[in-house]
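Coordinates as given in entry-v8.tsv (TSV, C-alpha atoms):
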```tsv
chain	number	residue	atom	x	y	z
A	12	MET	CA	-11.10	-0.39	-8.82
A	13	GLY	CA	-13.40	0.57	-11.65
A	14	ALA	CA	-13.38	-0.79	-15.16
A	15	THR	CA	-10.06	-1.93	-16.55
A	16	ALA	CA	-9.37	-1.37	-20.22
A	17	LEU	CA	-8.45	-4.78	-21.58
A	18	THR	CA	-7.62	-3.59	-25.07
A	19	LEU	CA	-6.52	0.00	-25.36
A	20	PRO	CA	-7.48	2.05	-28.40
A	21	PRO	CA	-4.66	3.29	-30.66
A	22	ARG	CA	-2.60	6.28	-29.60
A	23	TYR	CA	-2.08	9.37	-31.72
A	24	THR	CA	0.33	12.29	-31.73
A	25	PRO	CA	-1.07	15.83	-31.30
A	26	GLU	CA	-0.42	16.48	-34.98
A	27	GLN	CA	-2.26	13.34	-36.06
A	28	TYR	CA	-5.20	14.31	-33.88
A	29	LEU	CA	-5.35	17.85	-35.30
A	30	GLU	CA	-5.22	16.51	-38.81
A	31	LEU	CA	-8.00	13.98	-38.13
A	32	GLU	CA	-10.03	16.67	-36.40
A	33	GLU	CA	-9.91	18.94	-39.43
A	34	ARG	CA	-11.46	16.24	-41.58
A	35	SER	CA	-13.88	14.85	-39.01
A	36	GLU	CA	-17.60	15.58	-38.91
A	37	VAL	CA	-17.76	14.82	-35.20
A	38	ARG	CA	-15.68	16.80	-32.74
A	39	SER	CA	-13.32	14.88	-30.50
A	40	GLU	CA	-11.11	15.77	-27.59
A	41	TYR	CA	-7.56	14.52	-27.19
A	42	LEU	CA	-5.95	13.33	-24.00
A	43	ASP	CA	-2.38	12.14	-23.95
A	44	GLY	CA	-2.57	10.08	-27.10
A	45	TYR	CA	-6.18	8.99	-26.96
A	46	ILE	CA	-9.07	10.48	-28.90
A	47	TYR	CA	-12.55	10.75	-27.40
A	48	ALA	CA	-15.57	11.59	-29.55
A	49	MET	CA	-17.96	14.18	-28.18
A	50	SER	CA	-21.62	13.65	-28.83
A	51	GLY	CA	-24.27	16.20	-29.54
A	52	ALA	CA	-25.86	18.31	-26.85
A	53	ALA	CA	-29.53	18.45	-25.87
A	54	LEU	CA	-31.79	21.48	-26.02
A	55	PRO	CA	-31.30	22.89	-22.50
A	56	HIS	CA	-27.54	22.65	-22.93
A	57	VAL	CA	-27.62	24.40	-26.30
A	58	GLN	CA	-30.01	27.10	-25.08
A	59	ILE	CA	-27.83	27.87	-22.07
A	60	GLN	CA	-24.76	27.96	-24.28
A	61	VAL	CA	-26.35	30.38	-26.74
A	62	ASN	CA	-27.54	32.61	-23.90
A	63	LEU	CA	-24.10	32.51	-22.26
A	64	ILE	CA	-22.24	33.53	-25.40
A	65	HIS	CA	-24.75	36.26	-26.13
A	66	LEU	CA	-24.31	37.68	-22.60
A	67	LEU	CA	-20.53	37.45	-22.78
A	68	VAL	CA	-20.32	39.15	-26.17
A	69	ARG	CA	-22.73	41.88	-25.09
A	70	ASP	CA	-21.03	42.61	-21.77
A	71	LEU	CA	-17.45	42.25	-22.95
A	72	ARG	CA	-17.96	44.70	-25.79
A	73	SER	CA	-17.99	47.69	-23.45
A	74	ALA	CA	-15.11	46.42	-21.33
A	75	GLY	CA	-12.60	46.17	-24.16
A	76	VAL	CA	-9.76	43.68	-24.28
A	77	CYS	CA	-11.47	40.34	-23.67
A	78	ARG	CA	-13.20	38.18	-26.28
A	79	ALA	CA	-15.71	35.35	-25.90
A	80	MET	CA	-15.17	32.15	-27.85
A	81	SER	CA	-17.73	29.46	-28.62
A	82	SER	CA	-17.14	25.75	-28.12
A	83	GLU	CA	-15.56	25.60	-31.57
A	84	MET	CA	-12.33	26.89	-30.05
A	85	LYS	CA	-9.96	24.26	-28.76
A	86	ILE	CA	-7.77	24.80	-25.73
A	87	TRP	CA	-4.32	23.20	-25.54
A	88	LEU	CA	-3.33	21.89	-22.13
A	89	SER	CA	0.40	21.38	-22.48
A	90	ARG	CA	0.97	19.77	-19.07
A	91	GLN	CA	-1.66	17.12	-19.83
A	92	ASN	CA	-0.83	16.82	-23.52
A	93	ALA	CA	-4.51	17.44	-24.21
A	94	PHE	CA	-6.85	19.37	-26.49
A	95	VAL	CA	-10.32	20.14	-25.17
A	96	TYR	CA	-13.38	22.07	-26.29
A	97	PRO	CA	-14.88	23.99	-23.38
A	98	ASP	CA	-18.52	25.04	-23.82
A	99	ALA	CA	-17.28	28.62	-23.93
A	100	SER	CA	-14.09	30.48	-23.10
A	101	VAL	CA	-12.82	34.03	-22.80
A	102	TYR	CA	-9.31	35.24	-23.49
A	103	CYS	CA	-7.99	38.70	-22.74
A	104	GLY	CA	-5.35	40.62	-24.67
A	105	SER	CA	-3.78	38.72	-27.53
A	106	PRO	CA	-4.66	35.08	-28.14
A	107	ARG	CA	-1.68	32.75	-27.88
A	108	PHE	CA	-2.02	30.01	-30.47
A	109	TYR	CA	-0.73	26.45	-30.35
A	110	ARG	CA	2.03	26.30	-33.00
A	111	ASN	CA	0.51	29.23	-34.92
A	112	ARG	CA	-2.71	27.31	-35.47
A	113	THR	CA	-5.59	29.75	-35.16
A	114	ASP	CA	-8.01	26.99	-34.11
A	115	VAL	CA	-6.25	26.30	-30.78
A	116	ILE	CA	-5.50	28.80	-28.01
A	117	GLU	CA	-3.39	28.35	-24.91
A	118	ASN	CA	-4.29	31.33	-22.75
A	119	PRO	CA	-7.96	31.52	-21.77
A	120	SER	CA	-8.75	33.68	-18.73
A	121	VAL	CA	-12.11	32.05	-18.09
A	122	VAL	CA	-13.42	28.64	-19.11
A	123	PHE	CA	-17.10	27.60	-18.95
A	124	GLU	CA	-18.52	24.10	-18.81
A	125	ILE	CA	-22.24	23.33	-18.84
A	126	LEU	CA	-22.74	20.23	-16.72
A	127	SER	CA	-24.65	17.20	-17.90
A	128	ASP	CA	-25.19	13.85	-16.24
A	129	SER	CA	-22.52	12.21	-18.33
A	130	THR	CA	-19.86	14.93	-18.17
A	131	GLU	CA	-20.29	16.17	-14.59
A	132	LYS	CA	-17.74	13.85	-13.03
A	133	TYR	CA	-15.13	14.77	-15.61
A	134	ASP	CA	-15.91	18.51	-15.56
A	135	ARG	CA	-15.70	18.69	-11.76
A	136	GLY	CA	-12.76	16.35	-11.49
A	137	HIS	CA	-10.13	15.55	-14.05
A	138	LYS	CA	-10.96	18.37	-16.47
A	139	PHE	CA	-10.85	20.95	-13.68
A	140	HIS	CA	-7.49	19.60	-12.55
A	141	ALA	CA	-6.25	19.90	-16.13
A	142	TYR	CA	-7.51	23.48	-16.51
A	143	GLN	CA	-5.79	24.37	-13.21
A	144	THR	CA	-2.46	23.96	-14.99
A	145	LEU	CA	-3.20	26.87	-17.39
A	146	PRO	CA	-1.11	29.78	-16.06
A	147	GLU	CA	-3.47	32.49	-17.34
A	148	LEU	CA	-6.71	30.88	-16.17
A	149	LYS	CA	-8.37	33.03	-13.52
A	150	GLN	CA	-11.87	31.59	-13.30
A	151	TYR	CA	-13.49	28.24	-13.99
A	152	VAL	CA	-17.28	28.30	-14.26
A	153	LEU	CA	-19.65	25.33	-13.99
A	154	ILE	CA	-23.24	25.81	-15.11
A	155	SER	CA	-25.96	23.37	-14.13
A	156	GLN	CA	-28.67	22.56	-16.64
A	157	HIS	CA	-31.15	20.90	-14.26
A	158	THR	CA	-31.46	23.84	-11.90
A	159	ALA	CA	-30.51	27.50	-11.92
A	160	MET	CA	-27.04	27.24	-10.43
A	161	VAL	CA	-23.64	28.60	-11.38
A	162	GLU	CA	-20.47	27.61	-9.53
A	163	VAL	CA	-17.38	29.77	-9.90
A	164	PHE	CA	-13.82	28.84	-8.97
A	165	THR	CA	-11.50	31.86	-8.83
A	166	LYS	CA	-7.73	31.42	-8.67
A	167	ASP	CA	-6.03	33.05	-5.69
A	168	VAL	CA	-2.31	32.23	-6.00
A	169	ASP	CA	-2.06	28.59	-4.79
A	170	ARG	CA	-5.73	28.09	-3.96
A	171	TRP	CA	-9.15	28.54	-5.51
A	172	ILE	CA	-12.08	30.47	-4.06
A	173	PHE	CA	-15.32	28.60	-4.69
A	174	ARG	CA	-18.65	30.43	-4.82
A	175	THR	CA	-22.09	29.12	-5.69
A	176	PHE	CA	-24.82	31.29	-7.21
A	177	ASP	CA	-28.15	29.61	-6.73
A	178	GLY	CA	-31.56	30.67	-8.05
A	179	LEU	CA	-32.80	32.73	-10.99
A	180	GLU	CA	-32.60	35.97	-9.04
A	181	SER	CA	-28.88	35.63	-8.31
A	182	VAL	CA	-26.02	37.24	-10.18
A	183	ALA	CA	-22.75	35.41	-10.82
A	184	GLU	CA	-19.75	37.69	-10.54
A	185	LEU	CA	-16.97	37.01	-13.02
A	186	ASP	CA	-14.56	39.60	-11.70
A	187	ALA	CA	-11.68	38.29	-13.85
A	188	ILE	CA	-13.40	39.75	-16.89
A	189	GLY	CA	-15.66	42.35	-15.26
A	190	VAL	CA	-18.88	40.56	-16.19
A	191	ARG	CA	-21.92	39.96	-14.00
A	192	ILE	CA	-24.16	37.17	-15.26
A	193	GLN	CA	-27.82	37.44	-14.29
A	194	LEU	CA	-29.04	33.88	-13.93
A	195	SER	CA	-32.47	34.94	-15.18
A	196	GLU	CA	-30.81	35.89	-18.47
A	197	LEU	CA	-28.51	32.88	-18.58
A	198	TYR	CA	-31.47	30.52	-18.18
A	199	GLU	CA	-33.94	32.41	-20.39
A	200	TYR	CA	-36.19	29.94	-22.31
A	201	VAL	CA	-34.73	27.01	-20.35
A	202	GLU	CA	-37.27	24.59	-18.90
A	203	PHE	CA	-36.12	22.70	-15.86
A	204	PRO	CA	-37.24	19.15	-15.13
A	205	PRO	CA	-39.96	18.85	-12.46
A	206	ALA	CA	-38.64	19.40	-8.96
A	207	ALA	CA	-40.17	16.11	-7.83
A	208	LEU	CA	-37.42	14.17	-9.59
A	209	PRO	CA	-34.97	12.88	-7.03
A	210	THR	CA	-31.51	14.32	-6.92
A	211	ALA	CA	-30.33	10.84	-6.00
A	212	PRO	CA	-28.05	8.96	-8.31
A	213	ASP	CA	-29.42	6.00	-10.18
A	214	HIS	CA	-29.96	2.69	-8.47
A	215	THR	CA	-27.30	0.65	-10.16
A	216	PRO	CA	-24.82	-0.90	-7.74
A	217	THR	CA	-21.42	0.71	-7.66
A	218	THR	CA	-18.05	-0.01	-6.17
A	219	GLU	CA	-15.71	2.48	-4.57
B	14	MET	CA	-32.00	11.06	-18.11
B	15	THR	CA	-35.58	10.12	-17.42
B	16	ALA	CA	-36.67	7.98	-14.55
B	17	LEU	CA	-39.51	5.89	-15.92
B	18	THR	CA	-40.58	4.18	-12.74
B	19	LEU	CA	-39.44	5.57	-9.45
B	20	PRO	CA	-39.37	3.41	-6.36
B	21	PRO	CA	-41.84	4.45	-3.65
B	22	LYS	CA	-40.74	7.30	-1.44
B	23	LEU	CA	-39.91	6.54	2.18
B	24	THR	CA	-40.15	8.85	5.16
B	25	PRO	CA	-36.94	9.41	7.16
B	26	GLN	CA	-38.40	7.22	9.91
B	27	GLN	CA	-39.19	4.39	7.47
B	28	TYR	CA	-35.68	4.59	6.06
B	29	ILE	CA	-34.10	4.43	9.54
B	30	GLU	CA	-36.24	1.39	10.45
B	31	GLN	CA	-35.45	-0.37	7.18
B	32	GLU	CA	-31.77	0.45	7.56
B	33	GLU	CA	-31.60	-1.17	10.99
B	34	LEU	CA	-32.59	-4.51	9.43
B	35	ALA	CA	-30.67	-4.20	6.17
B	36	ALA	CA	-27.63	-6.29	5.36
B	37	GLN	CA	-26.13	-3.59	3.15
B	38	LYS	CA	-25.95	0.11	4.02
B	39	SER	CA	-28.04	2.51	2.01
B	40	GLU	CA	-28.16	6.25	1.82
B	41	TYR	CA	-31.30	8.35	1.71
B	42	TRP	CA	-31.91	11.11	-0.82
B	43	ASN	CA	-35.06	13.03	0.04
B	44	GLY	CA	-37.31	9.99	0.07
B	45	TYR	CA	-35.30	7.69	-2.18
B	46	VAL	CA	-32.95	5.01	-0.94
B	47	ARG	CA	-29.75	4.04	-2.67
B	48	GLU	CA	-27.41	1.23	-1.73
B	49	ARG	CA	-24.03	2.45	-0.70
B	50	ALA	CA	-21.10	1.54	-2.91
B	51	ILE	CA	-19.17	-1.56	-1.90
B	52	SER	CA	-15.66	-0.58	-0.88
B	53	SER	CA	-12.60	-1.87	-2.70
B	54	TYR	CA	-9.47	-2.88	-0.80
B	55	PRO	CA	-7.51	0.33	-1.58
B	56	HIS	CA	-10.53	2.31	-0.43
B	57	LEU	CA	-10.62	0.44	2.87
B	58	LEU	CA	-6.87	0.86	3.36
B	59	ILE	CA	-7.11	4.61	2.87
B	60	SER	CA	-10.14	4.92	5.15
B	61	SER	CA	-8.47	2.82	7.83
B	62	ASN	CA	-5.28	4.91	7.61
B	63	LEU	CA	-7.36	8.08	7.64
B	64	VAL	CA	-9.42	7.32	10.73
B	65	GLY	CA	-6.37	5.95	12.54
B	66	GLU	CA	-4.13	8.92	11.75
B	67	LEU	CA	-6.83	11.45	12.60
B	68	SER	CA	-7.73	9.68	15.85
B	69	SER	CA	-4.14	9.62	17.06
B	70	ARG	CA	-3.69	13.30	16.21
B	71	LEU	CA	-6.97	14.22	17.91
B	72	LYS	CA	-6.23	12.28	21.11
B	73	GLY	CA	-6.85	14.42	24.17
B	74	ARG	CA	-8.69	17.02	22.13
B	75	ALA	CA	-12.38	17.78	21.90
B	76	CYS	CA	-12.81	16.23	18.45
B	77	GLU	CA	-13.49	12.63	17.42
B	78	ALA	CA	-12.79	11.04	14.04
B	79	MET	CA	-15.63	8.67	13.22
B	80	PRO	CA	-15.60	5.90	10.62
B	81	SER	CA	-18.24	5.44	7.93
B	82	ASP	CA	-20.74	3.82	10.29
B	83	LEU	CA	-21.81	7.27	11.40
B	84	ARG	CA	-24.64	8.69	9.36
B	85	ILE	CA	-25.10	12.40	8.81
B	86	TRP	CA	-28.60	13.87	8.54
B	87	MET	CA	-29.08	17.09	6.60
B	88	PRO	CA	-32.59	18.35	7.36
B	89	ALA	CA	-32.48	21.18	4.79
B	90	VAL	CA	-32.31	18.66	1.94
B	91	ALA	CA	-33.67	15.57	3.74
B	92	ASN	CA	-30.64	13.41	3.04
B	93	PHE	CA	-28.89	10.77	5.16
B	94	PHE	CA	-25.34	9.93	4.05
B	95	TYR	CA	-22.54	7.78	5.44
B	96	PRO	CA	-19.36	9.80	4.82
B	97	ASP	CA	-16.13	7.81	4.78
B	98	CYS	CA	-15.07	9.81	7.83
B	99	SER	CA	-16.65	12.57	9.90
B	100	VAL	CA	-14.99	14.65	12.57
B	101	ILE	CA	-17.29	15.64	15.42
B	102	CYS	CA	-16.00	18.55	17.53
B	103	GLU	CA	-19.15	20.02	18.99
B	104	VAL	CA	-21.56	18.27	21.32
B	105	PRO	CA	-23.16	15.86	18.87
B	106	ARG	CA	-26.68	16.78	17.85
B	107	PHE	CA	-28.41	13.47	17.26
B	108	TRP	CA	-31.27	12.82	14.92
B	109	GLY	CA	-34.36	11.55	16.72
B	110	SER	CA	-33.84	9.91	20.07
B	111	GLY	CA	-30.13	9.45	19.55
B	112	ARG	CA	-30.48	5.67	19.65
B	113	THR	CA	-29.27	5.34	16.10
B	114	ALA	CA	-25.92	6.73	15.08
B	115	VAL	CA	-27.10	9.78	13.19
B	116	VAL	CA	-25.56	13.20	13.78
B	117	GLU	CA	-26.42	16.58	12.28
B	118	ASN	CA	-23.40	18.72	13.12
B	119	PRO	CA	-20.05	17.39	11.89
B	120	THR	CA	-17.16	19.86	11.71
B	121	VAL	CA	-15.37	17.98	8.92
B	122	VAL	CA	-16.70	15.51	6.37
B	123	ILE	CA	-14.31	13.40	4.29
B	124	GLU	CA	-15.11	11.33	1.21
B	125	ILE	CA	-12.69	8.95	-0.51
B	126	TYR	CA	-13.94	9.00	-4.06
B	127	SER	CA	-13.84	6.33	-6.71
B	128	ASP	CA	-14.70	6.24	-10.36
B	129	SER	CA	-18.32	5.49	-9.54
B	130	THR	CA	-18.80	7.99	-6.70
B	131	GLU	CA	-16.70	10.95	-7.87
B	132	LYS	CA	-19.54	12.70	-9.66
B	133	TYR	CA	-21.71	12.73	-6.52
B	134	ASP	CA	-18.90	13.41	-4.08
B	135	ARG	CA	-17.89	16.50	-6.06
B	136	GLY	CA	-21.41	17.50	-7.01
B	137	ALA	CA	-24.70	16.57	-5.36
B	138	LYS	CA	-23.19	15.33	-2.09
B	139	PHE	CA	-21.01	18.40	-1.68
B	140	HIS	CA	-24.06	20.60	-2.31
B	141	SER	CA	-25.90	18.64	0.32
B	142	TYR	CA	-23.11	18.85	2.91
B	143	GLN	CA	-22.92	22.61	2.31
B	144	THR	CA	-26.31	22.90	4.01
B	145	ILE	CA	-24.78	21.86	7.37
B	146	PRO	CA	-24.26	25.16	9.21
B	147	GLU	CA	-21.52	23.73	11.46
B	148	LEU	CA	-19.49	22.18	8.63
B	149	ARG	CA	-16.11	23.90	8.37
B	150	GLN	CA	-14.24	21.65	5.94
B	151	TYR	CA	-15.11	19.18	3.20
B	152	VAL	CA	-12.31	16.90	2.06
B	153	LEU	CA	-12.03	14.76	-1.08
B	154	ILE	CA	-9.44	12.01	-1.19
B	155	SER	CA	-8.46	10.33	-4.44
B	156	GLN	CA	-7.78	6.62	-4.43
B	157	SER	CA	-6.17	6.44	-7.87
B	158	GLN	CA	-3.37	8.94	-7.11
B	159	SER	CA	-1.99	10.74	-4.05
B	160	MET	CA	-4.19	13.80	-3.96
B	161	VAL	CA	-6.27	15.46	-1.26
B	162	GLU	CA	-8.55	18.42	-1.92
B	163	VAL	CA	-9.67	20.47	1.07
B	164	PHE	CA	-12.58	22.91	0.89
B	165	THR	CA	-12.64	25.32	3.85
B	166	ARG	CA	-15.69	27.44	4.54
B	167	ASP	CA	-15.12	31.19	4.59
B	168	GLY	CA	-18.46	32.95	5.06
B	169	ASP	CA	-20.54	32.38	1.93
B	170	ARG	CA	-17.67	30.90	-0.04
B	171	TRP	CA	-15.23	28.00	0.17
B	172	VAL	CA	-11.48	28.04	-0.25
B	173	LEU	CA	-10.07	25.04	-2.14
B	174	ARG	CA	-6.54	23.86	-1.50
B	175	THR	CA	-5.10	20.84	-3.26
B	176	PHE	CA	-2.32	18.68	-1.84
B	177	ARG	CA	-0.55	16.45	-4.37
B	178	GLY	CA	2.17	13.87	-4.00
B	179	LEU	CA	3.29	11.62	-1.17
B	180	ASP	CA	5.65	14.28	0.18
B	181	SER	CA	2.91	16.82	0.74
B	182	VAL	CA	1.05	17.41	3.98
B	183	ALA	CA	-2.67	18.12	3.96
B	184	GLU	CA	-3.73	20.83	6.38
B	185	PHE	CA	-7.06	20.53	8.15
B	186	GLU	CA	-7.04	23.91	9.79
B	187	SER	CA	-10.53	23.62	11.27
B	188	ILE	CA	-9.27	20.84	13.56
B	189	GLU	CA	-5.61	21.94	13.61
B	190	VAL	CA	-4.38	18.70	12.13
B	191	GLN	CA	-1.65	18.14	9.57
B	192	LEU	CA	-1.81	14.86	7.74
B	193	PRO	CA	1.18	13.68	5.67
B	194	LEU	CA	-0.05	12.01	2.48
B	195	ARG	CA	2.60	9.33	2.98
B	196	GLU	CA	0.73	8.21	6.12
B	197	LEU	CA	-2.68	8.49	4.49
B	198	TYR	CA	-1.62	6.34	1.53
B	199	ASP	CA	0.57	3.92	3.49
B	200	ARG	CA	0.57	0.51	1.70
B	201	VAL	CA	-1.78	1.77	-1.01
B	202	GLU	CA	-0.82	0.75	-4.54
B	203	PHE	CA	-2.00	3.02	-7.30
B	204	PRO	CA	-3.27	1.67	-10.62
B	205	GLN	CA	-0.85	1.78	-13.56
B	206	GLU	CA	-3.26	2.95	-16.22
B	207	PRO	CA	-5.40	5.92	-15.31
B	208	GLU	CA	-9.08	5.17	-15.21
B	209	ASP	CA	-11.09	6.43	-18.12
B	210	ARG	CA	-11.41	10.11	-17.44
B	211	ARG	CA	-13.65	10.87	-20.33
B	212	ALA	CA	-17.32	10.85	-20.87
B	213	VAL	CA	-18.79	10.80	-24.30
B	214	THR	CA	-22.08	12.63	-24.18
B	215	GLU	CA	-23.16	16.05	-23.07
```

Can the structure from this file be put into structure tokens for me?
Amino acid sequence: MGATALTLPPRYTPEQYLELEERSEVRSEYLDGYIYAMSGAALPHVQIQVNLIHLLVRDLRSAGVCRAMSSEMKIWLSRQNAFVYPDASVYCGSPRFYRNRTDVIENPSVVFEILSDSTEKYDRGHKFHAYQTLPELKQYVLISQHTAMVEVFTKDVDRWIFRTFDGLESVAELDAIGVRIQLSELYEYVEFPPAALPTAPDHTPTTE
Amino acid sequence: MTALTLPPKLTPQQYIEQEELAAQKSEYWNGYVRERAISSYPHLLISSNLVGELSSRLKGRACEAMPSDLRIWMPAVANFFYPDCSVICEVPRFWGSGRTAVVENPTVVIEIYSDSTEKYDRGAKFHSYQTIPELRQYVLISQSQSMVEVFTRDGDRWVLRTFRGLDSVAEFESIEVQLPLRELYDRVEFPQEPEDRRAVTE
């Protein structure tokens, strides 16, 4: 097994977390009693995020009922007892707030995460499983920051359709919200690391 | 993440020769060699159940369930991996002379992920396996809870189905096998506290 927590940090109620979060300078996520600080993002991540929100706002304006939210908006995952900050989200129709708090919504249609080395495992694994419990969620979008690649999971009743859009000339289809994302626009001004870098994981020994 | 000093790159042939003499298995990522994770006891139990259950269900059929000694070579990305289990249904296409156990055309690849391998099994390794034209299904098995995720190829996309709980039955339609999770996880004890699911930096 992996690391075992010998001493567990204190547990909080959702209300305690929300109150702490209002006063905190650093954003944190909440998972079933535990609070996890989020650290700042690096330039490629921020550039992609800015481009993404710009594209969403621009393309949703003509379509009508859907609105793009930045990573300031928390999502409440009731089945997990968790509050998370996706890198971006889109809701359609009326927002449904957690206990009338306008800083937390419960009904995103699309959630976006920009992958980084330290969040990739969580974004592809546990966080995706948590988002799957949102009844209104129709698409889950993962954006790479080391290469031009967008992966889209689309809900189809009890399964998810997984499509990969690879390369700057490709266009990611977000049919849930009628948006087509040109990867050349999403990655504008983003410099990728040299291709010679290995895609291999690091060389530290691991257990499985 | 910046790699300050990279180890020297090896050719596929150099890796294969080195691997024949090595005490510990390593995988090959386009020139770079990485030691394979050491398996924990729950991991070994699940993989032993898996290969056993698949083998008995495939008896008399044209498919073989192979344990993690079989390497898969993906020429499009120049990677050699040892999946926890591969199912070979077509005439095996061997790498090189066929003397070493390296095959290019599995029908199903299965990884039992752990805390330390989950990122790669869901990310870079899945991307790599997607380059195998013959691959029909990619399966991820959790070892911290009873959950099996099956990706099935459908043209240029994949369909993901998730099977949760010991009463559920995972369907591997590409090989027409149904695998009850109760058999897969027989004698496996799950950890009490969930592993840390969070990461702290972007």

Item to complete: Report the distance between CA of Gly111 (chain B) and CA of Phe164 (chain B) in Å, rounded to one decimal place.
Response: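 So the two atoms, CA of Gly111 (chain B) and CA of Phe164 (chain B), lie 28.9 Å apart.
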
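Nearest to chain A of all the residues B:Arg70, B:His140, B:Arg200, B:Arg195 is B:His140, counting only C-alpha atoms.
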
Discussion item. Residues near region 187-193 of chain B, anyone? I mean within 7 Å using only C-alpha atoms, not counting same-chain ones fewer than 5 positions away, as a VMD selection string.
Written reply: chain B and resid 70 149 to 150 181 to 182

Using C-alpha atoms, can you write the selected residues to a file as a PDB file, in the coordinates of the input?
```
ATOM      1  CA  ARG B  70      -3.690  13.300  16.210  1.00  0.00           C
ATOM      2  CA  ARG B 149     -16.110  23.900   8.370  1.00  0.00           C
ATOM      3  CA  GLN B 150     -14.240  21.650   5.940  1.00  0.00           C
ATOM      4  CA  SER B 181       2.910  16.820   0.740  1.00  0.00           C
ATOM      5  CA  VAL B 182       1.050  17.410   3.980  1.00  0.00           C
TER       6      VAL B 182
END
```

Fill in: Atomic separation - CA of Val122 (chain B) relative to CA of Asp199 (chain B), Å
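Result for CA of Asp199 (chain B) versus CA of Val122 (chain B): 21.0 Å, one decimal.
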
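Atom pair CA of Tyr96 (chain A) / CA of Glu83 (chain A) has a distance of 6.7 Å (rounded to one decimal).
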
Practice prompt. Rank B:Ser155, B:Thr130, B:Gln27, B:Ser141 by their smallest atom-to-atom distance to chain A, using only C-alpha atoms, and report the top residue only.
Written response: B:Thr130

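Those residues that approach Glu196 (chain A) to within 8 Å, counting all atoms listed in the file, are Asn62, Leu66 and Ile192 of chain A; same-chain residues fewer than 4 positions away are not listed.
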
Extending 4 Å beyond the listed atoms of region 171-189 of chain B on each side, what axis-aligned box results? I want centre and edge lengths in Å to one decimal, as JSON.
```
{"center_x": -4.8, "center_y": 19.8, "center_z": 4.6, "size_x": 28.9, "size_y": 24.4, "size_z": 26.0}
```

Worksheet, complete the sentence: Across A:His137, A:Arg38, A:Lys149, A:Lys85, the smallest distance to Arg107 (chain A), with all atoms listed in the file counted, is shown by A:Lys85

Worksheet item: Which residue gives the smallest distance to Asp43 (chain A) among A:Gln156, A:Gln91, A:Gln193, A:Gln150, with all atoms listed in the file counted?
Response: A:Gln91

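Remark: for chain A, the closest of the candidate residues B:Tyr198, B:Phe93, B:Tyr133, B:Phe185 is B:Tyr133 (distances computed over only C-alpha atoms).
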
Discussion item. Taking all atoms listed in the file into account, name the residue in B:Leu57, B:Trp42, B:Val104, B:Thr113 that is nearest to Lys138 (chain B).
Written reply: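 Smallest separation from Lys138 (chain B) among the options: B:Trp42.
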
Item to complete: May I have the residues within 12 Å of Ser110 (chain B) as number ranges by chain, using only C-alpha atoms and disregarding those fewer than 6 positions away in the same chain?
Response: B: 26, 29, 116

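Counting all atoms listed in the file, Ser89 (chain A) has the following residues at most 9 Å away, ignoring those fewer than 5 positions along the same chain: Phe94, Glu117, Thr144 and Leu145 of chain A.
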
Practice prompt. Fewer than 4 positions away in the same chain doesn't count, so skip those; otherwise give me all residues within 7 Å of Ser99 (chain B), counting only C-alpha atoms, as a VMD selection string.
Written response: chain B and resid 78 to 80 119 121 to 123

Residues of region 89-128 of chain A that approach region 45-55 of chain A to 12 Å or less, counting all atoms listed in the file: could you list each one with the shortest pair of atoms and its distance in Å to one decimal, rows by chain and increasing residue number, as JSON lines?
```
{"residue": "A:Gln91", "atom": "CA", "partner": "A:Tyr45", "partner_atom": "CA", "distance": 11.7}
{"residue": "A:Asn92", "atom": "CA", "partner": "A:Tyr45", "partner_atom": "CA", "distance": 10.1}
{"residue": "A:Ala93", "atom": "CA", "partner": "A:Tyr45", "partner_atom": "CA", "distance": 9.0}
{"residue": "A:Phe94", "atom": "CA", "partner": "A:Ile46", "partner_atom": "CA", "distance": 9.5}
{"residue": "A:Val95", "atom": "CA", "partner": "A:Tyr47", "partner_atom": "CA", "distance": 9.9}
{"residue": "A:Tyr96", "atom": "CA", "partner": "A:Met49", "partner_atom": "CA", "distance": 9.3}
{"residue": "A:Pro97", "atom": "CA", "partner": "A:Met49", "partner_atom": "CA", "distance": 11.3}
{"residue": "A:Asp98", "atom": "CA", "partner": "A:Ala52", "partner_atom": "CA", "distance": 10.4}
{"residue": "A:Ile125", "atom": "CA", "partner": "A:Pro55", "partner_atom": "CA", "distance": 9.8}
{"residue": "A:Leu126", "atom": "CA", "partner": "A:Pro55", "partner_atom": "CA", "distance": 10.7}
{"residue": "A:Ser127", "atom": "CA", "partner": "A:Ala52", "partner_atom": "CA", "distance": 9.1}
{"residue": "A:Asp128", "atom": "CA", "partner": "A:Ala53", "partner_atom": "CA", "distance": 11.5}
```

Go ahead and save the picked residues with C-alpha atoms, as a JSON list (two decimals), in the coordinates of the input.
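The resulting result-v8.json:
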```json
[["chain", "number", "residue", "atom", "x", "y", "z"],
["A", 91, "GLN", "CA", -1.66, 17.12, -19.83],
["A", 92, "ASN", "CA", -0.83, 16.82, -23.52],
["A", 93, "ALA", "CA", -4.51, 17.44, -24.21],
["A", 94, "PHE", "CA", -6.85, 19.37, -26.49],
["A", 95, "VAL", "CA", -10.32, 20.14, -25.17],
["A", 96, "TYR", "CA", -13.38, 22.07, -26.29],
["A", 97, "PRO", "CA", -14.88, 23.99, -23.38],
["A", 98, "ASP", "CA", -18.52, 25.04, -23.82],
["A", 125, "ILE", "CA", -22.24, 23.33, -18.84],
["A", 126, "LEU", "CA", -22.74, 20.23, -16.72],
["A", 127, "SER", "CA", -24.65, 17.20, -17.90],
["A", 128, "ASP", "CA", -25.19, 13.85, -16.24]]
```
